[in-house]
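Source file: target-v3.cif (mmCIF, C-alpha atoms and all ligand atoms; chains and numbers go by the auth columns)
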```
data_data
loop_
_atom_site.group_PDB
_atom_site.id
_atom_site.type_symbol
_atom_site.label_atom_id
_atom_site.label_comp_id
_atom_site.label_asym_id
_atom_site.label_seq_id
_atom_site.Cartn_x
_atom_site.Cartn_y
_atom_site.Cartn_z
_atom_site.B_iso_or_equiv
_atom_site.auth_seq_id
_atom_site.auth_asym_id
ATOM 1 C CA MET A 1 -40.784 98.798 -107.236 0.00 1 A
ATOM 2 C CA ASN A 2 -37.114 97.858 -106.921 0.00 2 A
ATOM 3 C CA GLY A 3 -34.396 100.431 -106.094 0.00 3 A
ATOM 4 C CA ALA A 4 -32.998 100.832 -109.609 0.00 4 A
ATOM 5 C CA LYS A 5 -36.451 101.382 -111.024 0.00 5 A
ATOM 6 C CA ALA A 6 -37.298 103.891 -108.304 0.00 6 A
ATOM 7 C CA ASN A 7 -34.104 105.877 -108.991 0.00 7 A
ATOM 8 C CA LYS A 8 -34.880 105.931 -112.686 0.00 8 A
ATOM 9 C CA THR A 9 -38.368 107.269 -111.966 0.00 9 A
ATOM 10 C CA MET A 10 -37.081 109.989 -109.630 0.00 10 A
ATOM 11 C CA SER A 11 -34.496 111.208 -112.120 0.00 11 A
ATOM 12 C CA ASP A 12 -36.864 111.125 -115.072 0.00 12 A
ATOM 13 C CA SER A 13 -36.623 114.578 -116.610 0.00 13 A
ATOM 14 C CA SER A 14 -40.283 114.382 -117.647 0.00 14 A
ATOM 15 C CA LEU A 15 -41.173 115.037 -113.984 0.00 15 A
ATOM 16 C CA GLY A 16 -39.816 118.566 -114.333 0.00 16 A
ATOM 17 C CA ALA A 17 -37.907 120.604 -111.771 0.00 17 A
ATOM 18 C CA ALA A 18 -38.685 120.291 -108.082 0.00 18 A
ATOM 19 C CA LEU A 19 -38.079 122.712 -105.238 0.00 19 A
ATOM 20 C CA PRO A 20 -34.830 122.118 -103.377 0.00 20 A
ATOM 21 C CA ALA A 21 -35.450 119.699 -100.517 0.00 21 A
ATOM 22 C CA SER A 22 -33.920 122.158 -98.038 0.00 22 A
ATOM 23 C CA TRP A 23 -36.741 124.637 -98.673 0.00 23 A
ATOM 24 C CA TYR A 24 -39.206 122.371 -96.910 0.00 24 A
ATOM 25 C CA SER A 25 -37.398 122.768 -93.582 0.00 25 A
ATOM 26 C CA SER A 26 -35.707 126.150 -93.987 0.00 26 A
ATOM 27 C CA ARG A 27 -36.541 128.772 -91.356 0.00 27 A
ATOM 28 C CA GLY A 28 -35.732 131.517 -93.843 0.00 28 A
ATOM 29 C CA ILE A 29 -38.126 130.146 -96.470 0.00 29 A
ATOM 30 C CA TYR A 30 -40.818 129.763 -93.816 0.00 30 A
ATOM 31 C CA GLU A 31 -40.431 133.396 -92.801 0.00 31 A
ATOM 32 C CA LEU A 32 -40.387 134.534 -96.408 0.00 32 A
ATOM 33 C CA GLU A 33 -43.590 132.603 -97.135 0.00 33 A
ATOM 34 C CA SER A 34 -45.158 133.978 -93.945 0.00 34 A
ATOM 35 C CA ARG A 35 -44.474 137.561 -94.984 0.00 35 A
ATOM 36 C CA ALA A 36 -45.052 137.250 -98.704 0.00 36 A
ATOM 37 C CA ILE A 37 -47.989 134.826 -98.762 0.00 37 A
ATOM 38 C CA PHE A 38 -49.766 134.104 -95.491 0.00 38 A
ATOM 39 C CA SER A 39 -49.634 137.672 -94.164 0.00 39 A
ATOM 40 C CA ARG A 40 -51.304 138.954 -97.312 0.00 40 A
ATOM 41 C CA GLN A 41 -53.851 136.310 -98.216 0.00 41 A
ATOM 42 C CA TRP A 42 -57.362 136.038 -96.894 0.00 42 A
ATOM 43 C CA LEU A 43 -57.474 133.038 -94.541 0.00 43 A
ATOM 44 C CA THR A 44 -60.551 131.420 -93.066 0.00 44 A
ATOM 45 C CA VAL A 45 -60.116 130.927 -89.316 0.00 45 A
ATOM 46 C CA THR A 46 -63.450 130.130 -87.695 0.00 46 A
ATOM 47 C CA HIS A 47 -67.225 130.163 -88.072 0.00 47 A
ATOM 48 C CA GLU A 48 -69.368 132.993 -86.766 0.00 48 A
ATOM 49 C CA LEU A 49 -71.609 130.564 -84.830 0.00 49 A
ATOM 50 C CA ARG A 50 -68.715 130.150 -82.428 0.00 50 A
ATOM 51 C CA LEU A 51 -69.029 133.818 -81.485 0.00 51 A
ATOM 52 C CA ALA A 52 -72.727 134.233 -80.892 0.00 52 A
ATOM 53 C CA ALA A 53 -73.100 136.836 -78.131 0.00 53 A
ATOM 54 C CA PRO A 54 -71.547 140.298 -77.785 0.00 54 A
ATOM 55 C CA GLY A 55 -68.108 139.940 -76.227 0.00 55 A
ATOM 56 C CA ALA A 56 -67.607 136.333 -77.377 0.00 56 A
ATOM 57 C CA TYR A 57 -64.101 136.005 -78.751 0.00 57 A
ATOM 58 C CA ALA A 58 -61.605 133.461 -80.051 0.00 58 A
ATOM 59 C CA LYS A 59 -57.851 133.897 -80.235 0.00 59 A
ATOM 60 C CA PHE A 60 -55.523 132.822 -83.030 0.00 60 A
ATOM 61 C CA THR A 61 -51.847 132.848 -83.932 0.00 61 A
ATOM 62 C CA ILE A 62 -50.928 132.840 -87.611 0.00 62 A
ATOM 63 C CA THR A 63 -47.414 133.430 -88.924 0.00 63 A
ATOM 64 C CA GLY A 64 -46.428 134.939 -85.604 0.00 64 A
ATOM 65 C CA TYR A 65 -49.354 137.389 -85.450 0.00 65 A
ATOM 66 C CA ARG A 66 -51.482 136.972 -82.350 0.00 66 A
ATOM 67 C CA PHE A 67 -54.987 138.286 -82.794 0.00 67 A
ATOM 68 C CA PHE A 68 -58.575 137.629 -81.793 0.00 68 A
ATOM 69 C CA ILE A 69 -62.010 137.916 -83.331 0.00 69 A
ATOM 70 C CA ILE A 70 -64.795 139.287 -81.153 0.00 70 A
ATOM 71 C CA ARG A 71 -68.527 139.882 -81.558 0.00 71 A
ATOM 72 C CA ALA A 72 -69.427 143.552 -81.163 0.00 72 A
ATOM 73 C CA ARG A 73 -72.644 144.881 -79.674 0.00 73 A
ATOM 74 C CA ASN A 74 -73.951 145.814 -83.117 0.00 74 A
ATOM 75 C CA GLY A 75 -73.542 142.190 -84.289 0.00 75 A
ATOM 76 C CA ASP A 76 -70.423 142.704 -86.412 0.00 76 A
ATOM 77 C CA LEU A 77 -67.353 140.574 -86.014 0.00 77 A
ATOM 78 C CA ASN A 78 -64.228 142.604 -85.346 0.00 78 A
ATOM 79 C CA ALA A 79 -60.642 141.384 -85.278 0.00 79 A
ATOM 80 C CA PHE A 80 -57.726 142.959 -83.426 0.00 80 A
ATOM 81 C CA LEU A 81 -54.126 142.255 -82.539 0.00 81 A
ATOM 82 C CA LYS A 82 -53.952 140.900 -79.025 0.00 82 A
ATOM 83 C CA MET A 83 -51.731 143.622 -77.554 0.00 83 A
ATOM 84 C CA CYS A 84 -52.488 147.163 -76.420 0.00 84 A
ATOM 85 C CA GLN A 85 -50.639 150.058 -78.030 0.00 85 A
ATOM 86 C CA HIS A 86 -49.594 151.479 -74.691 0.00 86 A
ATOM 87 C CA ARG A 87 -47.123 148.897 -73.421 0.00 87 A
ATOM 88 C CA ALA A 88 -47.995 145.808 -75.455 0.00 88 A
ATOM 89 C CA PHE A 89 -49.827 143.896 -72.759 0.00 89 A
ATOM 90 C CA PRO A 90 -52.632 141.538 -73.775 0.00 90 A
ATOM 91 C CA VAL A 91 -56.268 142.616 -73.830 0.00 91 A
ATOM 92 C CA VAL A 92 -57.526 139.009 -73.815 0.00 92 A
ATOM 93 C CA LEU A 93 -55.867 136.009 -72.199 0.00 93 A
ATOM 94 C CA GLN A 94 -57.780 132.783 -72.771 0.00 94 A
ATOM 95 C CA ASP A 95 -57.990 130.992 -76.132 0.00 95 A
ATOM 96 C CA GLU A 96 -61.684 131.826 -76.206 0.00 96 A
ATOM 97 C CA GLY A 97 -64.405 133.124 -73.948 0.00 97 A
ATOM 98 C CA THR A 98 -66.414 136.254 -73.337 0.00 98 A
ATOM 99 C CA ALA A 99 -64.646 139.465 -72.493 0.00 99 A
ATOM 100 C CA SER A 100 -64.854 143.164 -72.159 0.00 100 A
ATOM 101 C CA LEU A 101 -61.584 144.527 -73.460 0.00 101 A
ATOM 102 C CA THR A 102 -59.336 145.776 -70.710 0.00 102 A
ATOM 103 C CA CYS A 103 -55.590 145.786 -70.834 0.00 103 A
ATOM 104 C CA LEU A 104 -54.293 143.096 -68.511 0.00 104 A
ATOM 105 C CA VAL A 105 -51.416 144.911 -66.894 0.00 105 A
ATOM 106 C CA PRO A 106 -49.615 142.706 -64.335 0.00 106 A
ATOM 107 C CA GLU A 107 -50.427 143.643 -60.741 0.00 107 A
ATOM 108 C CA SER A 108 -46.714 143.712 -60.013 0.00 108 A
ATOM 109 C CA LEU A 109 -46.329 146.943 -61.971 0.00 109 A
ATOM 110 C CA SER A 110 -46.362 149.718 -59.421 0.00 110 A
ATOM 111 C CA ASN A 111 -47.911 152.321 -61.716 0.00 111 A
ATOM 112 C CA ARG A 112 -50.357 149.955 -63.303 0.00 112 A
ATOM 113 C CA GLN A 113 -53.097 151.624 -65.306 0.00 113 A
ATOM 114 C CA SER A 114 -55.572 149.473 -67.164 0.00 114 A
ATOM 115 C CA TRP A 115 -56.946 151.021 -70.283 0.00 115 A
ATOM 116 C CA SER A 116 -60.374 149.810 -71.410 0.00 116 A
ATOM 117 C CA TYR A 117 -61.633 149.391 -74.950 0.00 117 A
ATOM 118 C CA GLY A 118 -65.022 149.010 -76.566 0.00 118 A
ATOM 119 C CA LEU A 119 -65.844 145.840 -78.488 0.00 119 A
ATOM 120 C CA ASN A 120 -65.208 147.990 -81.570 0.00 120 A
ATOM 121 C CA GLY A 121 -61.573 148.332 -80.459 0.00 121 A
ATOM 122 C CA LYS A 122 -61.796 152.018 -79.603 0.00 122 A
ATOM 123 C CA LEU A 123 -60.093 153.232 -76.488 0.00 123 A
ATOM 124 C CA ALA A 124 -62.813 154.007 -73.942 0.00 124 A
ATOM 125 C CA LYS A 125 -61.297 154.641 -70.509 0.00 125 A
ATOM 126 C CA VAL A 126 -57.811 155.940 -69.809 0.00 126 A
ATOM 127 C CA PRO A 127 -57.121 156.393 -66.095 0.00 127 A
ATOM 128 C CA ASN A 128 -54.996 159.430 -65.264 0.00 128 A
ATOM 129 C CA PHE A 129 -54.852 160.711 -68.832 0.00 129 A
ATOM 130 C CA ASP A 130 -57.733 163.190 -68.462 0.00 130 A
ATOM 131 C CA LYS A 131 -55.292 165.999 -67.831 0.00 131 A
ATOM 132 C CA VAL A 132 -52.949 165.205 -70.705 0.00 132 A
ATOM 133 C CA GLY A 133 -54.027 167.965 -73.066 0.00 133 A
ATOM 134 C CA ASP A 134 -52.989 166.667 -76.462 0.00 134 A
ATOM 135 C CA PHE A 135 -53.753 163.000 -75.859 0.00 135 A
ATOM 136 C CA ASP A 136 -56.072 161.858 -78.652 0.00 136 A
ATOM 137 C CA LYS A 137 -57.919 158.710 -77.563 0.00 137 A
ATOM 138 C CA SER A 138 -59.018 157.955 -81.114 0.00 138 A
ATOM 139 C CA GLN A 139 -55.403 157.173 -82.046 0.00 139 A
ATOM 140 C CA TYR A 140 -54.906 154.504 -79.391 0.00 140 A
ATOM 141 C CA GLY A 141 -57.441 151.772 -80.015 0.00 141 A
ATOM 142 C CA VAL A 142 -56.308 148.179 -80.387 0.00 142 A
ATOM 143 C CA PHE A 143 -54.853 147.497 -83.845 0.00 143 A
ATOM 144 C CA ARG A 144 -57.500 146.325 -86.232 0.00 144 A
ATOM 145 C CA VAL A 145 -57.141 143.187 -88.372 0.00 145 A
ATOM 146 C CA HIS A 146 -59.168 142.930 -91.585 0.00 146 A
ATOM 147 C CA VAL A 147 -62.065 140.494 -91.172 0.00 147 A
ATOM 148 C CA LYS A 148 -64.956 139.438 -93.407 0.00 148 A
ATOM 149 C CA VAL A 149 -67.738 136.880 -93.080 0.00 149 A
ATOM 150 C CA ASP A 150 -68.885 134.931 -96.126 0.00 150 A
ATOM 151 C CA VAL A 151 -72.449 133.834 -96.913 0.00 151 A
ATOM 152 C CA LYS A 152 -71.890 130.510 -95.174 0.00 152 A
ATOM 153 C CA GLY A 153 -70.803 132.233 -91.968 0.00 153 A
ATOM 154 C CA PHE A 154 -67.075 131.536 -92.170 0.00 154 A
ATOM 155 C CA ALA A 155 -64.846 134.319 -90.854 0.00 155 A
ATOM 156 C CA TRP A 156 -61.833 135.308 -92.967 0.00 156 A
ATOM 157 C CA VAL A 157 -58.930 137.457 -91.879 0.00 157 A
ATOM 158 C CA ASN A 158 -56.174 139.250 -93.722 0.00 158 A
ATOM 159 C CA LEU A 159 -53.077 140.329 -91.784 0.00 159 A
ATOM 160 C CA ASP A 160 -51.996 142.935 -94.312 0.00 160 A
ATOM 161 C CA GLY A 161 -51.111 146.042 -92.290 0.00 161 A
ATOM 162 C CA ALA A 162 -52.319 148.425 -94.995 0.00 162 A
ATOM 163 C CA LEU A 163 -55.611 150.252 -94.577 0.00 163 A
ATOM 164 C CA VAL A 164 -56.915 148.345 -97.603 0.00 164 A
ATOM 165 C CA PRO A 165 -55.433 144.866 -98.135 0.00 165 A
ATOM 166 C CA ALA A 166 -53.509 144.438 -101.391 0.00 166 A
ATOM 167 C CA ILE A 167 -55.522 141.312 -102.151 0.00 167 A
ATOM 168 C CA LYS A 168 -59.263 141.859 -102.408 0.00 168 A
ATOM 169 C CA TRP A 169 -61.421 139.500 -100.389 0.00 169 A
ATOM 170 C CA GLU A 170 -63.852 139.126 -103.274 0.00 170 A
ATOM 171 C CA ASN A 171 -61.020 137.800 -105.437 0.00 171 A
ATOM 172 C CA SER A 172 -60.043 135.147 -102.894 0.00 172 A
ATOM 173 C CA LEU A 173 -63.332 133.386 -102.420 0.00 173 A
ATOM 174 C CA PRO A 174 -64.622 130.211 -103.944 0.00 174 A
ATOM 175 C CA VAL A 175 -68.173 131.206 -103.021 0.00 175 A
ATOM 176 C CA SER A 176 -70.263 134.335 -103.320 0.00 176 A
ATOM 177 C CA THR A 177 -69.771 136.819 -100.534 0.00 177 A
ATOM 178 C CA SER A 178 -71.520 138.818 -97.862 0.00 178 A
ATOM 179 C CA ASN A 179 -70.085 141.737 -96.017 0.00 179 A
ATOM 180 C CA SER A 180 -69.640 141.948 -92.270 0.00 180 A
ATOM 181 C CA GLY A 181 -66.972 144.351 -91.280 0.00 181 A
HETATM 182 S S1 LIG B . -50.295 148.807 -70.644 0.00 201 A
HETATM 183 FE FE1 LIG B . -51.891 148.231 -71.945 0.00 201 A
HETATM 184 S S2 LIG B . -53.174 149.931 -72.043 0.00 201 A
HETATM 185 FE FE2 LIG B . -51.611 150.511 -70.665 0.00 201 A
#
```
For this file, produce the structure as structure tokens.
Ligand code: FES
Amino acid sequence: MNGAKANKTMSDSSLGAALPASWYSSRGIYELESRAIFSRQWLTVTHELRLAAPGAYAKFTITGYRFFIIRARNGDLNAFLKMCQHRAFPVVLQDEGTASLTCLVPESLSNRQSWSYGLNGKLAKVPNFDKVGDFDKSQYGVFRVHVKVDVKGFAWVNLDGALVPAIKWENSLPVSTSNSG
């Protein structure tokens, strides 16, 4: 195709309107799409076979959210944000592996206190907080991320912070569904 012909094709009004070229590299558009689309949709991230045994986990970062999926003792897959609520230190470090969930406070912190969590994300052990009268452990688990497993074993997450995601998992799937979590 010569240049003149190519220009004619590109300006042909029958092609309809296109998005502005700048949108494809705009940081602002990326962040808008992250918030408005990818933080609300159900996204498939891994397969459950990867997380066979209790404690097996895999870590992910999507649209700036860092989270992991972990196999619980009862066989469910759970997903949580990677940071503790106490001082936002990580509860898992490697990209994947097997872990019990303990906050990884740097040794350099003089008053370091590692909180421990169950594989269900609930706060289990809180050193030195036994005497804090109104401390309610049930309020300080790791933040849960919505996760579902479909009939083919693929794990889906939804980063919507609401208790119930605005977009139903069942409405997002190309295949029939099974419930795990
Ligand atoms: S700093 Fe993470 S639980 Fe205390």
message = Between atom CA of Val145 of chain A and atom CA of Phe80 of chain A, what is the distance in Å, rounded to a tenth?
response =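 If I compute the distance from atom CA of Val145 of chain A to atom CA of Phe80 of chain A, I get 5.0 Å.
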_Can you translate the PyMOL selection byres (((chain A and resi 44-50) around 6) and not hetatm) into the concrete residues it hits in this file, as a list in words?_
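Selection result, ordered by chain and number: Leu43, Leu51, Ala52, Gly153, Phe154, Ala155 and Trp156 of chain A.
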Output file for the residues above (C-alpha atoms, as a PDB file, in the frame of the given file):
```pdb
ATOM      1  CA  LEU A  43     -57.474 133.038 -94.541  1.00  0.00           C
ATOM      2  CA  LEU A  51     -69.029 133.818 -81.485  1.00  0.00           C
ATOM      3  CA  ALA A  52     -72.727 134.233 -80.892  1.00  0.00           C
ATOM      4  CA  GLY A 153     -70.803 132.233 -91.968  1.00  0.00           C
ATOM      5  CA  PHE A 154     -67.075 131.536 -92.170  1.00  0.00           C
ATOM      6  CA  ALA A 155     -64.846 134.319 -90.854  1.00  0.00           C
ATOM      7  CA  TRP A 156     -61.833 135.308 -92.967  1.00  0.00           C
TER       8      TRP A 156
END
```
Practice prompt. Spell out the residues picked by the PyMOL selection byres (((chain A and resi 160-164) around 12) and not hetatm) here, as a list in words.
Written response: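 With the PyMOL selection byres (((chain A and resi 160-164) around 12) and not hetatm) on this model, the match is Ser34, Arg35, Ala36, Ile37, Phe38, Ser39, Arg40, Gln41, Trp42, Leu43, Thr63, Tyr65, Phe80, Leu81, Phe143, Arg144, Val145, His146, Val147, Val157, Asn158, Leu159, Pro165, Ala166, Ile167, Lys168 and Trp169 of chain A.
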### Task
Neighbourhood query: residues within 10 Å of (-60.2, 152.7, -75.8), file coordinates, counting only C-alpha atoms; return as a ChimeraX atom specification.
/A:84,101-103,115-126,137-142
### Task
Please check which protein, DNA or RNA residues sit within 7 Å of ligand LIG 201 (chain A), counting only C-alpha atoms and all ligand atoms, and write them as a list in words.
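Answer in the requested format: Cys84, Gln85, His86, Arg87, Ala88, Phe89, Pro90, Cys103, Leu104, Val105, Gln113, Ser114 and Trp115 of chain A.
Of the listed residues A:Thr61, A:Ser108, A:Val92, A:Ala53, the one whose atoms come nearest to Asp76 of chain A is A:Ala53, with distances taken using all atoms listed in the file.
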Edge lengths and centre in Å, axis-aligned, segment 47-56 of chain A plus 4 Å each side, as lines of an AutoDock Vina configuration file:
```
center_x = -70.2
center_y = 135.2
center_z = -82.1
size_x = 13.9
size_y = 18.1
size_z = 19.8
```
Between A:Asn78, A:Ala58, A:Gly64, A:Ile70, which one has atoms that come closest to Leu93 of chain A, using only C-alpha atoms?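 With only C-alpha atoms as the atom set, the closest residue is A:Ala58.
Counting from atom CA of Pro20 of chain A, the distance to atom CA of Ile62 of chain A is 25.0 Å.
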Would you kindly translate the PyMOL selection byres (((chain A and resi 94) around 12) and not hetatm) into the concrete residues it picks from this file, as a list in words?
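Selected by the PyMOL selection byres (((chain A and resi 94) around 12) and not hetatm) here: Ala56, Tyr57, Ala58, Lys59, Phe60, Phe67, Phe68, Lys82, Pro90, Val91, Val92, Leu93, Asp95, Glu96, Gly97, Thr98, Ala99 and Leu104 of chain A.
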Quick one: write out the picked residues with C-alpha atoms as a PDB file, keeping the file's coordinate frame?
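Result went into selection21.pdb, see below:
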```pdb
ATOM      1  CA  ALA A  56     -67.607 136.333 -77.377  1.00  0.00           C
ATOM      2  CA  TYR A  57     -64.101 136.005 -78.751  1.00  0.00           C
ATOM      3  CA  ALA A  58     -61.605 133.461 -80.051  1.00  0.00           C
ATOM      4  CA  LYS A  59     -57.851 133.897 -80.235  1.00  0.00           C
ATOM      5  CA  PHE A  60     -55.523 132.822 -83.030  1.00  0.00           C
ATOM      6  CA  PHE A  67     -54.987 138.286 -82.794  1.00  0.00           C
ATOM      7  CA  PHE A  68     -58.575 137.629 -81.793  1.00  0.00           C
ATOM      8  CA  LYS A  82     -53.952 140.900 -79.025  1.00  0.00           C
ATOM      9  CA  PRO A  90     -52.632 141.538 -73.775  1.00  0.00           C
ATOM     10  CA  VAL A  91     -56.268 142.616 -73.830  1.00  0.00           C
ATOM     11  CA  VAL A  92     -57.526 139.009 -73.815  1.00  0.00           C
ATOM     12  CA  LEU A  93     -55.867 136.009 -72.199  1.00  0.00           C
ATOM     13  CA  ASP A  95     -57.990 130.992 -76.132  1.00  0.00           C
ATOM     14  CA  GLU A  96     -61.684 131.826 -76.206  1.00  0.00           C
ATOM     15  CA  GLY A  97     -64.405 133.124 -73.948  1.00  0.00           C
ATOM     16  CA  THR A  98     -66.414 136.254 -73.337  1.00  0.00           C
ATOM     17  CA  ALA A  99     -64.646 139.465 -72.493  1.00  0.00           C
ATOM     18  CA  LEU A 104     -54.293 143.096 -68.511  1.00  0.00           C
TER      19      LEU A 104
END
```
ask   = Given the choices A:Leu173, A:Pro54, A:Ser100, A:Leu77, which gets closest to Lys148 of chain A if the distance is worked out from all atoms listed in the file?
value =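 Of all the options, A:Leu77 lies closest to Lys148 of chain A.
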